[in-house]
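The structure file target.cif is reproduced below (mmCIF, C-alpha atoms and all ligand atoms).
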data_coords
#
loop_
_atom_site.label_atom_id
_atom_site.label_comp_id
_atom_site.auth_asym_id
_atom_site.auth_seq_id
_atom_site.Cartn_x
_atom_site.Cartn_y
_atom_site.Cartn_z
CA MET A 177 132.79 94.08 88.99
CA ASP A 178 130.32 91.79 90.73
CA PHE A 179 126.56 92.22 90.66
CA ARG A 180 125.87 89.16 92.83
CA LEU A 181 124.38 89.79 96.24
CA SER A 182 126.18 89.04 99.49
CA GLU A 183 124.92 86.08 101.52
CA GLU A 184 123.20 88.46 103.97
CA HIS A 185 121.44 90.38 101.23
CA GLU A 186 120.43 87.14 99.50
CA ALA A 187 118.97 85.76 102.74
CA LEU A 188 117.10 88.99 103.46
CA ARG A 189 115.67 89.05 99.95
CA ALA A 190 114.54 85.42 100.22
CA SER A 191 112.80 85.96 103.57
CA VAL A 192 110.98 89.10 102.36
CA ARG A 193 110.00 87.37 99.11
CA GLU A 194 108.38 84.61 101.14
CA PHE A 195 106.73 87.14 103.49
CA ALA A 196 105.28 89.06 100.54
CA ARG A 197 103.84 85.90 99.01
CA GLU A 198 102.64 84.24 102.20
CA VAL A 199 101.50 87.20 104.31
CA VAL A 200 100.93 90.24 102.07
CA ALA A 201 99.40 88.65 98.96
CA PRO A 202 96.44 86.92 100.66
CA VAL A 203 95.14 90.05 102.42
CA ILE A 204 96.16 93.06 100.39
CA ALA A 205 93.42 93.04 97.73
CA GLU A 206 90.79 93.45 100.47
CA HIS A 207 92.66 96.40 102.03
CA TYR A 208 93.12 97.92 98.59
CA GLU A 209 89.43 97.62 97.81
CA GLN A 210 88.33 98.95 101.20
CA HIS A 211 91.05 101.65 101.35
CA THR A 212 92.17 100.40 104.77
CA PHE A 213 95.66 100.54 106.22
CA PRO A 214 97.13 97.03 106.72
CA TYR A 215 98.10 97.39 110.39
CA ASP A 216 98.63 93.66 110.89
CA VAL A 217 101.03 93.38 107.95
CA ILE A 218 102.92 96.47 109.12
CA ARG A 219 103.18 95.03 112.65
CA GLN A 220 104.71 91.84 111.25
CA MET A 221 107.14 93.83 109.13
CA GLY A 222 108.15 95.65 112.31
CA LYS A 223 108.85 92.34 114.03
CA MET A 224 111.06 91.32 111.09
CA GLY A 225 113.13 94.46 111.70
CA LEU A 226 112.37 95.99 108.30
CA PHE A 227 111.70 99.48 109.69
CA GLY A 228 115.11 99.53 111.34
CA LEU A 229 117.09 98.05 108.45
CA PRO A 230 119.57 100.87 107.67
CA PHE A 231 119.87 102.26 111.20
CA PRO A 232 122.49 101.52 113.88
CA GLU A 233 121.83 98.83 116.45
CA GLU A 234 122.36 101.31 119.31
CA HIS A 235 119.10 103.00 118.25
CA GLY A 236 117.19 99.76 117.78
CA GLY A 237 118.09 99.34 114.12
CA MET A 238 119.40 96.28 112.28
CA GLY A 239 122.76 97.85 111.38
CA GLY A 240 122.19 97.11 107.69
CA ASP A 241 122.64 99.40 104.72
CA TYR A 242 120.46 101.39 102.35
CA PHE A 243 120.83 98.77 99.63
CA ALA A 244 119.23 96.20 101.95
CA LEU A 245 116.23 98.54 102.26
CA CYS A 246 116.05 98.76 98.45
CA LEU A 247 116.08 94.98 98.06
CA VAL A 248 113.23 94.71 100.55
CA LEU A 249 111.21 97.40 98.75
CA GLU A 250 111.67 95.59 95.46
CA GLU A 251 110.40 92.30 96.89
CA LEU A 252 107.41 93.91 98.60
CA ALA A 253 106.42 95.92 95.51
CA ARG A 254 106.63 92.77 93.42
CA VAL A 255 103.45 91.81 95.28
CA ASP A 256 102.05 95.14 96.49
CA SER A 257 103.07 98.80 96.34
CA SER A 258 100.93 100.19 99.19
CA VAL A 259 102.88 98.12 101.70
CA ALA A 260 106.17 98.98 99.98
CA ILE A 261 105.54 102.73 99.96
CA THR A 262 104.51 102.60 103.62
CA LEU A 263 107.95 101.16 104.44
CA GLU A 264 109.77 103.49 102.05
CA ALA A 265 108.14 106.62 103.44
CA ALA A 266 108.57 105.48 107.05
CA VAL A 267 112.27 104.66 106.71
CA SER A 268 113.72 106.74 103.90
CA LEU A 269 111.60 109.89 104.39
CA GLY A 270 110.42 109.56 107.99
CA ALA A 271 113.15 108.17 110.21
CA MET A 272 116.16 108.93 108.00
CA PRO A 273 116.15 112.73 108.58
CA ILE A 274 116.29 112.09 112.33
CA HIS A 275 119.12 109.59 111.87
CA ARG A 276 121.06 111.87 109.51
CA PHE A 277 120.49 115.28 111.07
CA GLY A 278 119.05 114.77 114.58
CA THR A 279 120.72 115.47 117.90
CA ASP A 280 121.62 112.58 120.21
CA GLU A 281 118.51 113.38 122.27
CA GLN A 282 116.25 113.35 119.21
CA LYS A 283 117.72 110.04 118.04
CA ALA A 284 117.32 108.48 121.48
CA GLN A 285 113.77 109.79 121.77
CA TRP A 286 112.43 108.74 118.36
CA LEU A 287 114.56 106.15 116.57
CA PRO A 288 113.91 103.08 118.78
CA LYS A 289 110.14 103.22 118.28
CA LEU A 290 110.49 104.07 114.59
CA CYS A 291 112.95 101.21 114.05
CA SER A 292 110.59 98.73 115.70
CA GLY A 293 107.70 99.77 113.44
CA GLU A 294 105.53 100.49 116.50
CA ALA A 295 105.51 104.10 115.35
CA LEU A 296 105.74 105.77 111.94
CA ALA A 297 107.25 109.11 110.96
CA ALA A 298 106.17 111.23 107.99
CA PHE A 299 108.02 113.78 105.85
CA GLY A 300 106.18 117.04 105.25
CA LEU A 301 107.75 118.90 102.34
CA THR A 302 105.09 119.30 99.63
CA GLU A 303 102.49 122.05 100.03
CA PRO A 304 99.17 122.58 98.28
CA GLY A 305 100.79 125.32 96.12
CA PHE A 306 104.36 123.98 95.80
CA GLY A 307 105.65 120.49 94.98
CA SER A 308 108.49 120.34 92.45
CA ASP A 309 109.37 123.91 93.36
CA ALA A 310 109.89 123.07 97.03
CA GLY A 311 111.91 126.25 97.56
CA GLY A 312 108.56 128.03 97.26
CA THR A 313 107.57 126.73 100.71
CA GLN A 314 105.04 129.03 102.41
CA THR A 315 104.73 127.32 105.79
CA ARG A 316 106.38 129.59 108.36
CA ALA A 317 107.88 128.94 111.78
CA VAL A 318 108.67 131.81 114.15
CA LEU A 319 110.74 131.44 117.30
CA ASP A 320 108.75 132.77 120.25
CA GLY A 321 110.80 132.40 123.44
CA ASP A 322 111.75 128.73 123.59
CA GLU A 323 109.05 127.56 121.18
CA TRP A 324 108.55 127.45 117.38
CA VAL A 325 105.14 128.67 116.29
CA ILE A 326 104.22 127.01 112.98
CA ASN A 327 101.57 128.18 110.50
CA GLY A 328 100.84 126.69 107.08
CA SER A 329 99.85 123.48 105.36
CA LYS A 330 101.35 120.42 103.69
CA ALA A 331 99.83 118.26 100.95
CA PHE A 332 99.95 114.54 100.07
CA ILE A 333 101.90 113.45 103.17
CA THR A 334 102.39 109.67 103.35
CA ASN A 335 101.96 107.90 106.73
CA SER A 336 100.84 111.13 108.39
CA GLY A 337 97.48 110.01 109.76
CA THR A 338 97.72 106.38 110.86
CA ASP A 339 96.93 105.28 114.42
CA ILE A 340 100.66 104.72 114.92
CA THR A 341 102.00 107.94 113.34
CA ALA A 342 104.28 109.56 115.92
CA LEU A 343 105.56 112.65 114.13
CA VAL A 344 106.00 114.57 110.94
CA THR A 345 109.14 116.49 110.01
CA VAL A 346 108.00 119.80 108.55
CA THR A 347 110.00 122.13 106.33
CA ALA A 348 109.24 125.77 107.09
CA VAL A 349 110.52 129.25 106.34
CA THR A 350 112.30 130.44 109.49
CA GLY A 351 113.78 133.69 108.18
CA THR A 352 115.60 135.35 105.29
CA ASN A 353 119.15 134.54 104.17
CA PRO A 354 121.68 137.38 103.64
CA ASP A 355 121.12 137.08 99.85
CA GLY A 356 117.39 137.65 100.30
CA SER A 357 116.36 134.02 99.72
CA LYS A 358 114.17 132.10 102.15
CA GLU A 359 115.84 130.50 105.15
CA LEU A 360 114.36 126.99 105.32
CA SER A 361 114.57 124.75 108.38
CA THR A 362 113.12 121.40 109.40
CA ILE A 363 111.14 120.96 112.60
CA ILE A 364 109.81 117.81 114.26
CA VAL A 365 106.09 118.04 115.05
CA PRO A 366 104.73 115.17 117.17
CA THR A 367 101.25 113.85 116.36
CA GLY A 368 98.61 115.35 118.64
CA THR A 369 100.38 118.68 119.13
CA PRO A 370 97.66 121.35 119.53
CA GLY A 371 97.23 123.32 116.31
CA PHE A 372 98.38 120.38 114.13
CA ALA A 373 95.38 118.97 112.22
CA VAL A 374 95.25 115.97 109.90
CA ALA A 375 92.57 116.09 107.17
CA PRO A 376 90.66 112.93 106.15
CA GLY A 377 92.59 110.66 103.77
CA TYR A 378 92.61 111.52 100.07
CA SER A 379 90.60 109.46 97.61
CA LYS A 380 93.45 108.10 95.46
CA VAL A 381 93.66 106.24 92.15
CA GLY A 382 96.34 103.88 93.48
CA TRP A 383 98.29 103.07 96.67
CA THR A 384 94.85 102.90 98.25
CA ALA A 385 96.03 100.82 101.22
CA SER A 386 98.64 103.44 102.10
CA ASP A 387 97.93 106.51 104.22
CA THR A 388 98.05 110.04 102.71
CA HIS A 389 96.72 113.30 104.16
CA GLU A 390 96.78 117.06 103.95
CA LEU A 391 98.11 118.63 107.16
CA THR A 392 97.49 122.08 108.59
CA PHE A 393 99.40 124.00 111.25
CA ASP A 394 97.57 126.78 113.01
CA ASP A 395 99.69 128.50 115.67
CA CYS A 396 101.14 125.06 116.35
CA ARG A 397 103.79 125.31 119.09
CA VAL A 398 106.68 122.90 119.62
CA PRO A 399 109.80 123.28 121.79
CA ALA A 400 112.76 125.08 120.15
CA ALA A 401 114.74 121.86 120.71
CA TYR A 402 112.55 120.14 118.09
CA LEU A 403 114.51 121.90 115.32
CA LEU A 404 116.12 119.15 113.23
CA GLY A 405 119.82 119.82 112.69
CA GLU A 406 120.96 123.37 112.08
CA ARG A 407 118.65 126.28 111.47
CA GLY A 408 118.71 127.24 107.77
CA ARG A 409 119.80 123.80 106.57
CA GLY A 410 116.31 122.66 105.55
CA PHE A 411 116.96 122.94 101.81
CA ALA A 412 120.18 120.91 101.92
CA GLN A 413 118.54 118.34 104.20
CA PHE A 414 115.59 117.58 101.96
CA LEU A 415 117.79 117.46 98.84
CA ARG A 416 119.90 114.77 100.51
CA ILE A 417 116.85 112.84 101.68
CA LEU A 418 115.27 112.99 98.22
CA ASP A 419 118.49 111.95 96.45
CA GLU A 420 118.58 108.77 98.52
CA GLY A 421 114.82 108.32 98.31
CA ARG A 422 115.01 108.20 94.52
CA ILE A 423 117.05 105.01 94.70
CA ALA A 424 114.42 103.52 96.99
CA ILE A 425 111.57 104.56 94.68
CA ALA A 426 113.50 103.08 91.75
CA ALA A 427 113.75 99.78 93.64
CA LEU A 428 110.03 99.90 94.36
CA ALA A 429 109.32 100.57 90.67
CA VAL A 430 111.53 97.63 89.64
CA GLY A 431 109.53 95.43 92.02
CA LEU A 432 106.26 96.49 90.43
CA ALA A 433 107.74 95.94 86.95
CA GLN A 434 108.92 92.46 87.94
CA GLY A 435 105.55 91.66 89.49
CA CYS A 436 104.02 92.45 86.10
CA VAL A 437 106.36 89.90 84.50
CA ASP A 438 105.45 87.26 87.13
CA GLU A 439 101.72 87.71 86.68
CA SER A 440 101.97 87.85 82.88
CA ILE A 441 103.92 84.59 82.62
CA LYS A 442 101.37 82.86 84.84
CA TYR A 443 98.40 84.18 82.90
CA ALA A 444 99.95 83.57 79.48
CA LYS A 445 100.28 79.88 80.35
CA GLU A 446 96.76 79.54 81.79
CA ARG A 447 94.65 81.53 79.37
CA HIS A 448 93.65 79.84 76.14
CA ALA A 449 92.51 81.46 72.91
CA PHE A 450 92.21 79.92 69.44
CA GLY A 451 92.87 76.48 70.91
CA ARG A 452 96.19 77.16 72.64
CA PRO A 453 97.66 79.15 75.52
CA ILE A 454 98.00 82.83 74.60
CA GLY A 455 101.67 82.49 75.67
CA ALA A 456 102.23 80.23 72.63
CA ASN A 457 101.94 83.34 70.46
CA GLN A 458 105.22 85.06 69.76
CA ALA A 459 103.48 88.45 70.06
CA ILE A 460 102.77 87.68 73.74
CA GLN A 461 106.22 86.12 74.31
CA PHE A 462 107.91 89.23 72.93
CA LYS A 463 105.86 91.50 75.17
CA ILE A 464 106.98 89.49 78.21
CA ALA A 465 110.60 89.35 77.00
CA ASP A 466 110.59 93.15 76.66
CA MET A 467 109.06 93.52 80.13
CA GLU A 468 111.81 91.32 81.61
CA LEU A 469 114.47 93.33 79.73
CA LYS A 470 113.12 96.57 81.19
CA ALA A 471 112.91 95.28 84.76
CA HIS A 472 116.45 93.89 84.52
CA THR A 473 118.08 97.05 83.17
CA ALA A 474 116.22 99.26 85.66
CA ARG A 475 117.45 96.99 88.46
CA LEU A 476 121.05 97.46 87.30
CA ALA A 477 120.50 101.23 87.32
CA TYR A 478 119.38 101.29 90.94
CA TYR A 479 122.10 98.82 92.02
CA ASP A 480 124.64 101.21 90.45
CA ALA A 481 123.22 104.28 92.21
CA ALA A 482 123.11 102.43 95.55
CA ALA A 483 126.68 101.14 95.15
CA ARG A 484 127.94 104.67 94.51
CA MET A 485 126.03 106.02 97.49
CA LEU A 486 127.39 103.31 99.80
CA ALA A 487 130.93 103.94 98.52
CA GLY A 488 130.55 107.60 99.48
CA GLU A 489 130.80 108.70 95.84
CA PRO A 490 128.56 111.29 94.14
CA PHE A 491 125.32 109.56 93.16
CA LYS A 492 122.81 112.34 92.41
CA ARG A 493 122.76 111.80 88.64
CA GLN A 494 122.69 108.00 88.92
CA ALA A 495 119.83 108.13 91.45
CA ALA A 496 117.83 110.40 89.12
CA ILE A 497 118.56 108.10 86.15
CA ALA A 498 117.48 105.04 88.16
CA LYS A 499 114.26 106.73 89.34
CA LEU A 500 113.41 108.10 85.89
CA HIS A 501 114.11 104.83 84.09
CA ALA A 502 112.51 102.52 86.66
CA SER A 503 109.31 104.56 86.94
CA THR A 504 109.01 104.79 83.14
CA ILE A 505 109.40 101.05 82.64
CA ALA A 506 107.08 100.29 85.58
CA VAL A 507 104.31 102.19 83.76
CA ASP A 508 105.22 100.37 80.50
CA ASN A 509 105.16 96.95 82.16
CA ALA A 510 101.89 97.63 83.99
CA ARG A 511 100.27 98.67 80.70
CA GLU A 512 101.53 95.56 78.87
CA ALA A 513 100.64 93.19 81.73
CA THR A 514 97.10 94.59 81.71
CA GLN A 515 96.96 94.08 77.94
CA ILE A 516 98.08 90.47 78.28
CA HIS A 517 95.26 89.89 80.80
CA GLY A 518 92.64 91.25 78.40
CA GLY A 519 89.33 92.15 80.09
CA TYR A 520 90.42 90.50 83.34
CA GLY A 521 93.29 92.98 83.50
CA PHE A 522 90.70 95.70 84.02
CA MET A 523 89.18 93.87 86.99
CA ASN A 524 90.39 94.82 90.45
CA GLU A 525 90.56 91.19 91.55
CA TYR A 526 93.66 90.67 89.42
CA PRO A 527 96.99 91.95 90.80
CA VAL A 528 97.86 93.54 87.45
CA ALA A 529 94.95 95.97 87.84
CA ARG A 530 96.53 97.10 91.11
CA PHE A 531 99.94 97.34 89.41
CA TRP A 532 98.44 99.48 86.67
CA ARG A 533 96.75 101.84 89.13
CA ASP A 534 99.87 101.99 91.32
CA SER A 535 102.38 102.58 88.52
CA LYS A 536 101.54 106.17 87.52
CA ILE A 537 102.44 107.80 90.84
CA LEU A 538 105.99 106.46 90.43
CA GLU A 539 106.50 109.05 87.66
CA ILE A 540 105.32 111.80 90.04
CA GLY A 541 106.25 111.17 93.70
CA GLU A 542 109.68 112.12 95.12
CA GLY A 543 110.35 114.23 92.04
CA THR A 544 108.48 114.02 88.74
CA SER A 545 110.10 112.63 85.59
CA GLU A 546 110.60 116.22 84.42
CA VAL A 547 112.43 117.03 87.65
CA GLN A 548 114.66 113.95 87.21
CA ARG A 549 115.57 115.17 83.72
CA MET A 550 116.34 118.62 85.16
CA ILE A 551 118.67 117.01 87.74
CA ILE A 552 120.43 114.88 85.11
CA ALA A 553 120.85 117.83 82.72
CA ARG A 554 122.15 120.08 85.51
CA ASP A 555 124.64 117.41 86.56
CA LEU A 556 125.84 117.25 82.94
CA GLY A 557 126.68 120.94 83.20
CA LEU A 558 123.67 122.24 81.23
C1 LIG B 1 100.25 109.53 96.91
C2 LIG B 1 101.26 110.61 97.13
C3 LIG B 1 102.12 110.54 98.21
C4 LIG B 1 103.03 111.58 98.46
N1 LIG B 1 103.81 111.56 99.59
C5 LIG B 1 104.53 112.66 99.93
C6 LIG B 1 105.20 112.75 101.19
O1 LIG B 1 105.17 111.82 102.00
N2 LIG B 1 105.85 113.89 101.51
C7 LIG B 1 105.91 114.95 100.64
O2 LIG B 1 106.51 115.96 101.00
N3 LIG B 1 105.32 114.88 99.41
C8 LIG B 1 104.62 113.78 99.05
N4 LIG B 1 103.98 113.72 97.84
C9 LIG B 1 104.09 114.85 96.92
C10 LIG B 1 104.88 114.58 95.64
O3 LIG B 1 106.25 114.45 95.93
C11 LIG B 1 104.56 115.73 94.67
O4 LIG B 1 103.24 115.52 94.21
C12 LIG B 1 105.53 115.79 93.50
O5 LIG B 1 106.81 116.18 93.93
C13 LIG B 1 105.06 116.78 92.42
O6 LIG B 1 104.69 118.01 92.96
P1 LIG B 1 103.26 118.66 92.58
O7 LIG B 1 102.23 117.62 92.76
O8 LIG B 1 103.14 119.94 93.31
O9 LIG B 1 103.38 118.98 91.03
P2 LIG B 1 103.94 120.34 90.38
O10 LIG B 1 105.24 120.68 90.95
O11 LIG B 1 102.86 121.36 90.45
O12 LIG B 1 104.13 119.89 88.88
C14 LIG B 1 103.05 119.79 87.94
C15 LIG B 1 103.65 119.38 86.60
O13 LIG B 1 104.53 120.41 86.13
C16 LIG B 1 105.79 119.85 85.88
N5 LIG B 1 106.83 120.87 86.14
C17 LIG B 1 106.98 121.63 87.25
N6 LIG B 1 108.06 122.42 87.13
C18 LIG B 1 108.60 122.16 85.91
C19 LIG B 1 109.72 122.64 85.19
N7 LIG B 1 110.56 123.57 85.70
N8 LIG B 1 109.98 122.15 83.96
C20 LIG B 1 109.17 121.20 83.43
N9 LIG B 1 108.08 120.69 84.05
C21 LIG B 1 107.82 121.17 85.27
C22 LIG B 1 105.92 118.67 86.78
O14 LIG B 1 106.92 117.77 86.35
C23 LIG B 1 104.50 118.11 86.69
O15 LIG B 1 104.37 117.36 85.52
C24 LIG B 1 103.11 112.68 97.56
C25 LIG B 1 102.26 112.71 96.43
C26 LIG B 1 101.33 111.71 96.23
C27 LIG B 1 100.41 111.82 95.06
#

As structure tokens, please, write out the structure in this file.
Amino acid sequence: MDFRLSEEHEALRASVREFAREVVAPVIAEHYEQHTFPYDVIRQMGKMGLFGLPFPEEHGGMGGDYFALCLVLEELARVDSSVAITLEAAVSLGAMPIHRFGTDEQKAQWLPKLCSGEALAAFGLTEPGFGSDAGGTQTRAVLDGDEWVINGSKAFITNSGTDITALVTVTAVTGTNPDGSKELSTIIVPTGTPGFAVAPGYSKVGWTASDTHELTFDDCRVPAAYLLGERGRGFAQFLRILDEGRIAIAALAVGLAQGCVDESIKYAKERHAFGRPIGANQAIQFKIADMELKAHTARLAYYDAAARMLAGEPFKRQAAIAKLHASTIAVDNAREATQIHGGYGFMNEYPVARFWRDSKILEIGEGTSEVQRMIIARDLGL
């Protein structure tokens, strides 16, 4: 058993750590405050190859693995979560379905520009009326000659309305299965297709420098060849994508939790009260020790889930455990880091205020904590 990183992973982590500190940190507070998408940062991440990390070189990727993506997400989120979730949604939710389920033509058409970061893909599963219960999907797609005609709407879709968004993969009801249940399929809808409208961005509590929109499809027509994978496999496809995505969200949550430790150590040494640094008080030291403990154990949980996934072993339960644990401790650490910063922790100019605002969504997105518990319990045979 060896938890040390390979030389390649170590080098990648070091370069992204430096990038996050040198490039992301100086500009992100302004984007966060203004609710603007950090195009320049994203462009530089594209040049570093981060959007192509787990994809084959023949499609413009870096030929790395999913664990490499997780390490990068952790390092980015240690400084900022809007940038991290932009990468997570673009790679794990956006491009991955095309890589996993697409035809050779679809891969050749889309993956090179998605891997370079010049274009982003979004994943349209959630609807205004159905999130956790994704089987309740109402959006419909009907085959009319050699075109799909799509009608419906999707809610909270990350990366769906940037200037560089190229497509959204949309889950839709395409018929009825022999047992009477809904036949779900996934269809690629390029940005700008007539009948596909992107609403103005949501006003969010956190992740304010990331891009999130409601989408509507009104007699939106795309070629039949834009079906992703087999007709009727939509349910199985999004379950696979979400299982993997949970490891990535866990890594992102660990990054936020570790960022809280970093900022708290710094502040505890600088801030004085009663004639000495607040970090001289054991009450503050214990808070930080507990925060480090939580970040460390959550990291081991996502390493374990990723190792199982890369070994081709079942990893559903471990991914749910990692996501549930990491998101819980990220909220804990953000709350404690804010407490350590006192009144300044409530001021947006301090990174911990961003961490606090960004932490809550981790217990909701890509499956709520309740859904993770359902997955774990089901996997235990309950
Ligand atoms: C900023 C942001 C970005 C997002 N990005 C994307 C994206 O890119 N693509 C995408 O498809 N979706 C995206 N989502 C949607 C996200 O995945 C959903 O919000 C999430 O899955 C929860 O669904 P919901 O909001 O409909 O809540 P609901 O499913 O309505 O749940 C409401 C509450 O009820 C609980 N609940 C539901 N069912 C049960 C049950 N059986 N037992 C116990 N409790 C239950 C839930 O846990 C939750 O606490 C995003 C959301 C946000 C906020």

Inset, instruction - Write out as an MDAnalysis selection string the residues lying within 10 Å of segment 433-444 of chain A, counting all atoms listed in the file and excluding same-chain residues fewer than 4 positions away. - result: chainID A and resid 250:256 427:429 448 453:457 460:461 463:472 474:475 502:517 526:529 531:532 535

Legend entry - Nearest to ligand LIG 1 (chain B), chosen from A:Lys380, A:His501, A:Arg407, A:Arg530, with all atoms listed in the file counted in the distances: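 Ranked by minimum distance to ligand LIG 1 (chain B), first place goes to A:Lys380.
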
Inset, instruction - Could you give me the residues within 6 Å of ligand LIG 1 (chain B), counting only C-alpha atoms and all ligand atoms, as a list in words? - result: Phe299, Gly300, Leu301, Thr302, Phe306, Gly307, Ser308, Asp309, Phe332, Ile333, Thr334, Ile540, Gly541, Glu542, Gly543, Thr544, Glu546 and Val547 of chain A

Inset, instruction - In the coordinates of the file, take the point (117.6, 111.3, 119.5) and a cut-off of 12 Å; then, counting all atoms listed in the file, name each qualifying protein, DNA or RNA residue as a list in words. - result: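 Returned residue set, sorted by chain then number, is Glu234, His235, Gly236, Ala271, Met272, Pro273, Ile274, His275, Arg276, Phe277, Gly278, Thr279, Asp280, Glu281, Gln282, Lys283, Ala284, Gln285, Trp286, Leu287, Pro288, Lys289, Leu290, Ile364, Ala401, Tyr402, Leu403, Leu404 and Gly405 of chain A.
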
Legend entry - Computed interatomic separation between atom CA of Cys246 of chain A and atom CA of Ile497 of chain A (Å):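 Those two atoms sit 15.6 Å apart.
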
Legend entry - From A:Gly305, A:Gly518, A:Gly293, A:Gly240, residue lying nearest Ile218 of chain A [all atoms listed in the file]: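 Once distances to Ile218 of chain A are computed over all atoms listed in the file, the minimum belongs to A:Gly293.
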
Inset, instruction - Give the answer as one residue: which of A:Gln210, A:Thr392, A:Gln314, A:Thr345 has the shortest atom-to-atom distance to Glu359 of chain A, using all atoms listed in the file? - result: A:Gln314

Legend entry - A:Ser257, A:Gln458, A:Thr362, A:Thr350 ranked by distance to Ala385 of chain A, top pick (using only C-alpha atoms):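 Comparing A:Ser257, A:Gln458, A:Thr362, A:Thr350 against Ala385 of chain A, the winner is A:Ser257.
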
Legend entry - atom CA of Ala412 of chain A to atom CA of Gly311 of chain A, distance in Å rounded to a single decimal: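 It comes out at 10.8 Å.
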
Legend entry - Best match for closeness to Leu245 of chain A among A:Val203, A:Ala298, A:Ala495, A:Val192, counting only C-alpha atoms: A:Val192

Can I get N, CA, C and O atoms for segment 401-412 of chain A, as a PDB file, in the first residue's frame?
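To be explicit, this is the file written out as result.pdb:
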ATOM      1  N   ALA A 401     -27.890  12.096 -35.874  1.00  0.00           N
ATOM      2  CA  ALA A 401     -26.535  11.620 -35.567  1.00  0.00           C
ATOM      3  C   ALA A 401     -25.962  12.270 -34.308  1.00  0.00           C
ATOM      4  O   ALA A 401     -24.886  11.883 -33.849  1.00  0.00           O
ATOM      5  N   TYR A 402     -26.668  13.252 -33.731  1.00  0.00           N
ATOM      6  CA  TYR A 402     -26.176  13.893 -32.507  1.00  0.00           C
ATOM      7  C   TYR A 402     -26.585  13.120 -31.243  1.00  0.00           C
ATOM      8  O   TYR A 402     -26.284  13.532 -30.124  1.00  0.00           O
ATOM      9  N   LEU A 403     -27.291  11.997 -31.427  1.00  0.00           N
ATOM     10  CA  LEU A 403     -27.575  11.112 -30.294  1.00  0.00           C
ATOM     11  C   LEU A 403     -26.235  10.639 -29.728  1.00  0.00           C
ATOM     12  O   LEU A 403     -25.344  10.246 -30.488  1.00  0.00           O
ATOM     13  N   LEU A 404     -26.093  10.674 -28.400  1.00  0.00           N
ATOM     14  CA  LEU A 404     -24.826  10.266 -27.791  1.00  0.00           C
ATOM     15  C   LEU A 404     -24.944   8.806 -27.345  1.00  0.00           C
ATOM     16  O   LEU A 404     -25.747   8.485 -26.457  1.00  0.00           O
ATOM     17  N   GLY A 405     -24.138   7.946 -27.960  1.00  0.00           N
ATOM     18  CA  GLY A 405     -24.217   6.524 -27.631  1.00  0.00           C
ATOM     19  C   GLY A 405     -25.539   5.951 -28.095  1.00  0.00           C
ATOM     20  O   GLY A 405     -26.186   6.478 -28.991  1.00  0.00           O
ATOM     21  N   GLU A 406     -25.946   4.870 -27.412  1.00  0.00           N
ATOM     22  CA  GLU A 406     -27.175   4.179 -27.842  1.00  0.00           C
ATOM     23  C   GLU A 406     -28.431   4.862 -27.328  1.00  0.00           C
ATOM     24  O   GLU A 406     -28.442   5.387 -26.213  1.00  0.00           O
ATOM     25  N   ARG A 407     -29.472   4.807 -28.142  1.00  0.00           N
ATOM     26  CA  ARG A 407     -30.781   5.272 -27.700  1.00  0.00           C
ATOM     27  C   ARG A 407     -31.220   4.445 -26.484  1.00  0.00           C
ATOM     28  O   ARG A 407     -31.031   3.232 -26.456  1.00  0.00           O
ATOM     29  N   GLY A 408     -31.773   5.117 -25.474  1.00  0.00           N
ATOM     30  CA  GLY A 408     -32.271   4.402 -24.289  1.00  0.00           C
ATOM     31  C   GLY A 408     -31.215   4.170 -23.214  1.00  0.00           C
ATOM     32  O   GLY A 408     -31.518   3.622 -22.158  1.00  0.00           O
ATOM     33  N   ARG A 409     -29.984   4.615 -23.457  1.00  0.00           N
ATOM     34  CA  ARG A 409     -28.922   4.392 -22.467  1.00  0.00           C
ATOM     35  C   ARG A 409     -28.660   5.623 -21.589  1.00  0.00           C
ATOM     36  O   ARG A 409     -27.695   5.677 -20.830  1.00  0.00           O
ATOM     37  N   GLY A 410     -29.513   6.632 -21.737  1.00  0.00           N
ATOM     38  CA  GLY A 410     -29.294   7.896 -21.024  1.00  0.00           C
ATOM     39  C   GLY A 410     -29.145   7.739 -19.523  1.00  0.00           C
ATOM     40  O   GLY A 410     -28.274   8.345 -18.903  1.00  0.00           O
ATOM     41  N   PHE A 411     -29.988   6.882 -18.922  1.00  0.00           N
ATOM     42  CA  PHE A 411     -29.964   6.704 -17.472  1.00  0.00           C
ATOM     43  C   PHE A 411     -28.616   6.126 -17.032  1.00  0.00           C
ATOM     44  O   PHE A 411     -27.946   6.658 -16.139  1.00  0.00           O
ATOM     45  N   ALA A 412     -28.202   5.054 -17.700  1.00  0.00           N
ATOM     46  CA  ALA A 412     -26.928   4.404 -17.354  1.00  0.00           C
ATOM     47  C   ALA A 412     -25.756   5.362 -17.588  1.00  0.00           C
ATOM     48  O   ALA A 412     -24.795   5.387 -16.814  1.00  0.00           O
TER      49      ALA A 412
END
